[in-house]
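Heads up: the structure comes next, in C-alpha cells.
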Amino acid sequence: MNPFAQASTAPLSPPRRPSARFMLEHPAHLIGLGFGSGLSPVAPGTAGTLWAWLAFVVMAPWLTALQMGLLIAASLLVGSWACTVTARNMGVADPGSIVWDEVVAFLLILWLVTPAGFWGQLVAFVLFRFFDAVKFGPTAWADRHFKGFGWRGGFGIMLDDIAAAFCTLLVIAVWRFL
C-alpha cells in the first residue's frame with residue numbers, strides 16, 4: 001500500500017462540528033456548507049434544499065436554460081472538490097451539515113422541470129426530500145459504495161443526491177406521462 005495515498009485520503013483532524021468560523025476558514029467550507037444553510041440546527045439538508053429553491057427563483061429570470069445548465073455542471077465539479085475538502089477537514093466522511101449536494105441536485109431538478117409553477121416545484125421539493133431521506137435503490141447504492149475521504153468521498157457525497165434527483169425526476173416524468 002502506498003503510504004502517501006493513505007495520508008491524502010485520511011481526515012486531517014478529529015471530528016469537528018461546523019460553525020460560522022469553520023465555514024469562513026476555507027472557500028470549500030463556505031460552498032460545502034451551502035453558504036450557511038448547512039449550519040441549520042434542524043434538518044440542514046432541508047435547509048440546503050430550500051436555499052437552492054430560493055437561489056433558483058432568483059437566478060432563473062436572469063439566466064438562459066443553457067447558462068443554468070452550465071452553472072449546474074460547474075457546481076457539480078466544484079461541489080465534489082468542496083465536499084471532499086470540507087468532509088476531510090471536519091473529520092467525518094459524510095456530515096449532515098454538508099448540503100452542497102442537496103443544493104446542486106435540487107437545482108438540477110428545478111432546471112429540468114421548468115416551466116413548473118409553484119405547486120409543481122413544491123411536489124419536486126417533497127419528492128426529492130423523500131428520496132434523499134429514505135435512500136433506497138440507486139440512492140442507497142451510491143451512499144453505500146462511495147464513502148470515505150479523498151475524491152471518492154466528495155464524489156460520493158454528491159452522487160447519492162444526484163441519484164435522489166434522478167428518482168424524483170423519474171416519478172415526475174411518469175406522473176406527466178399518465
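Numbering starts fresh at 1 for the residues of each chain in the C-alpha cells, the chains themselves are lettered A, B, ... in the order given, and ligands are numbered from 1 as they appear.
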
Next item on the list: List every residue of stretch 74-143 of chain A that DSSP, applied to the backbone, labels as helix (DSSP H, G or I), and write the result as number ranges by chain.
Entry: A: 74-90, 100-113, 118-134, 138-143

May I have a table of the residues of stretch 48-123 of chain A lying at most 9 Å from stretch 127-145 of chain A, giving each one's closest pair of atoms and their distance in Å to one decimal, counting only C-alpha atoms, ordered by chain and ascending residue number, as JSON lines?
{"residue": "A:Thr49", "atom": "CA", "partner": "A:Arg129", "partner_atom": "CA", "distance": 8.1}
{"residue": "A:Glu102", "atom": "CA", "partner": "A:Asp132", "partner_atom": "CA", "distance": 8.4}
{"residue": "A:Ala105", "atom": "CA", "partner": "A:Phe128", "partner_atom": "CA", "distance": 8.7}
{"residue": "A:Phe106", "atom": "CA", "partner": "A:Phe128", "partner_atom": "CA", "distance": 7.4}
{"residue": "A:Ile109", "atom": "CA", "partner": "A:Phe128", "partner_atom": "CA", "distance": 8.5}
{"residue": "A:Leu122", "atom": "CA", "partner": "A:Leu127", "partner_atom": "CA", "distance": 8.6}
{"residue": "A:Val123", "atom": "CA", "partner": "A:Leu127", "partner_atom": "CA", "distance": 6.1}

Selection file, C-alpha atoms, as a PDB file, in the first residue's frame:
ATOM      1  CA  THR A  49     -32.733  22.375  -0.455  1.00  0.00           C
ATOM      2  CA  GLU A 102     -28.707  18.889  -1.960  1.00  0.00           C
ATOM      3  CA  ALA A 105     -29.291  18.152  -7.031  1.00  0.00           C
ATOM      4  CA  PHE A 106     -32.332  20.344  -6.420  1.00  0.00           C
ATOM      5  CA  ILE A 109     -34.417  19.077 -10.701  1.00  0.00           C
ATOM      6  CA  LEU A 122     -43.307  22.049  -4.263  1.00  0.00           C
ATOM      7  CA  VAL A 123     -44.076  18.498  -5.411  1.00  0.00           C
TER       8      VAL A 123
END

Note to self: Quick one: residues within 9 Å of A:Trp51, only C-alpha atoms, excluding same-chain residues fewer than 2 positions away - as a list in words?
What the structure shows: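 Residues near the query, excluding close chain neighbours: Gly34, Phe35, Ser37, Thr46, Ala47, Gly48, Thr49, Trp53, Leu54, Ala55, Phe56 and Val103 of chain A.
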
Checklist line | Given only C-alpha atoms as the counted atoms, nearest of A:Leu112, A:Ile157, A:Val126, A:Val78 to A:Leu169 | finding: A:Leu112

Next item on the list: Find, counting only C-alpha atoms, the residue in A:Val85, A:Ser97, A:Lys147, A:Leu178 that gets nearest to A:Ala20.
Entry: A:Ser97

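Look at stretch 62-73 of chain A: the protein and nucleic acid residues within 8 Å of it, using only C-alpha atoms and passing over chain neighbours fewer than 3 places away, are Val58, Met59, Leu76, Leu77, Val104, Leu107, Leu108 and Trp111 of chain A.
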
Check: Just how far from atom CA of A:Cys167 is atom CA of A:Gly32, in Å to one decimal?
Finding: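 Atom CA of A:Cys167 lies at a distance of 23.0 Å from atom CA of A:Gly32.
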
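Here the question is which of A:Gln121, A:Asn89, A:Thr114, A:Ser75 gets nearest to A:His29 using only C-alpha atoms, and that residue is A:Asn89.
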
Checklist line | Interatomic distance, atom CA of A:Met158 to atom CA of A:His26 (Å, one decimal) | finding: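 The value is 19.2 Å.
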
Next item on the list: Would you mind reading off the distance between atom CA of A:Pro27 and atom CA of A:Leu39, one decimal, in Å?
Entry: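 Separation of atom CA of A:Pro27 and atom CA of A:Leu39: 15.3 Å.
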
Item checked: Selection near A:Thr86, 9 Å with only C-alpha atoms, sequence-local residues under 2 positions removed, as a list of chain:residue names -> A:Met23, A:His26, A:Ala28, A:His29, A:Leu30, A:Ile31, A:Gly32, A:Leu33, A:Trp81, A:Ala82, A:Cys83, A:Thr84, A:Arg88, A:Asn89, A:Met90, A:Gly91, A:Val92, A:Ile98, A:Gly154

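With only C-alpha atoms as the atoms that count, the minimum distance from A:Ala124 to the choices A:Val57, A:Leu170, A:Leu110, A:Phe177 is reached by A:Leu110.
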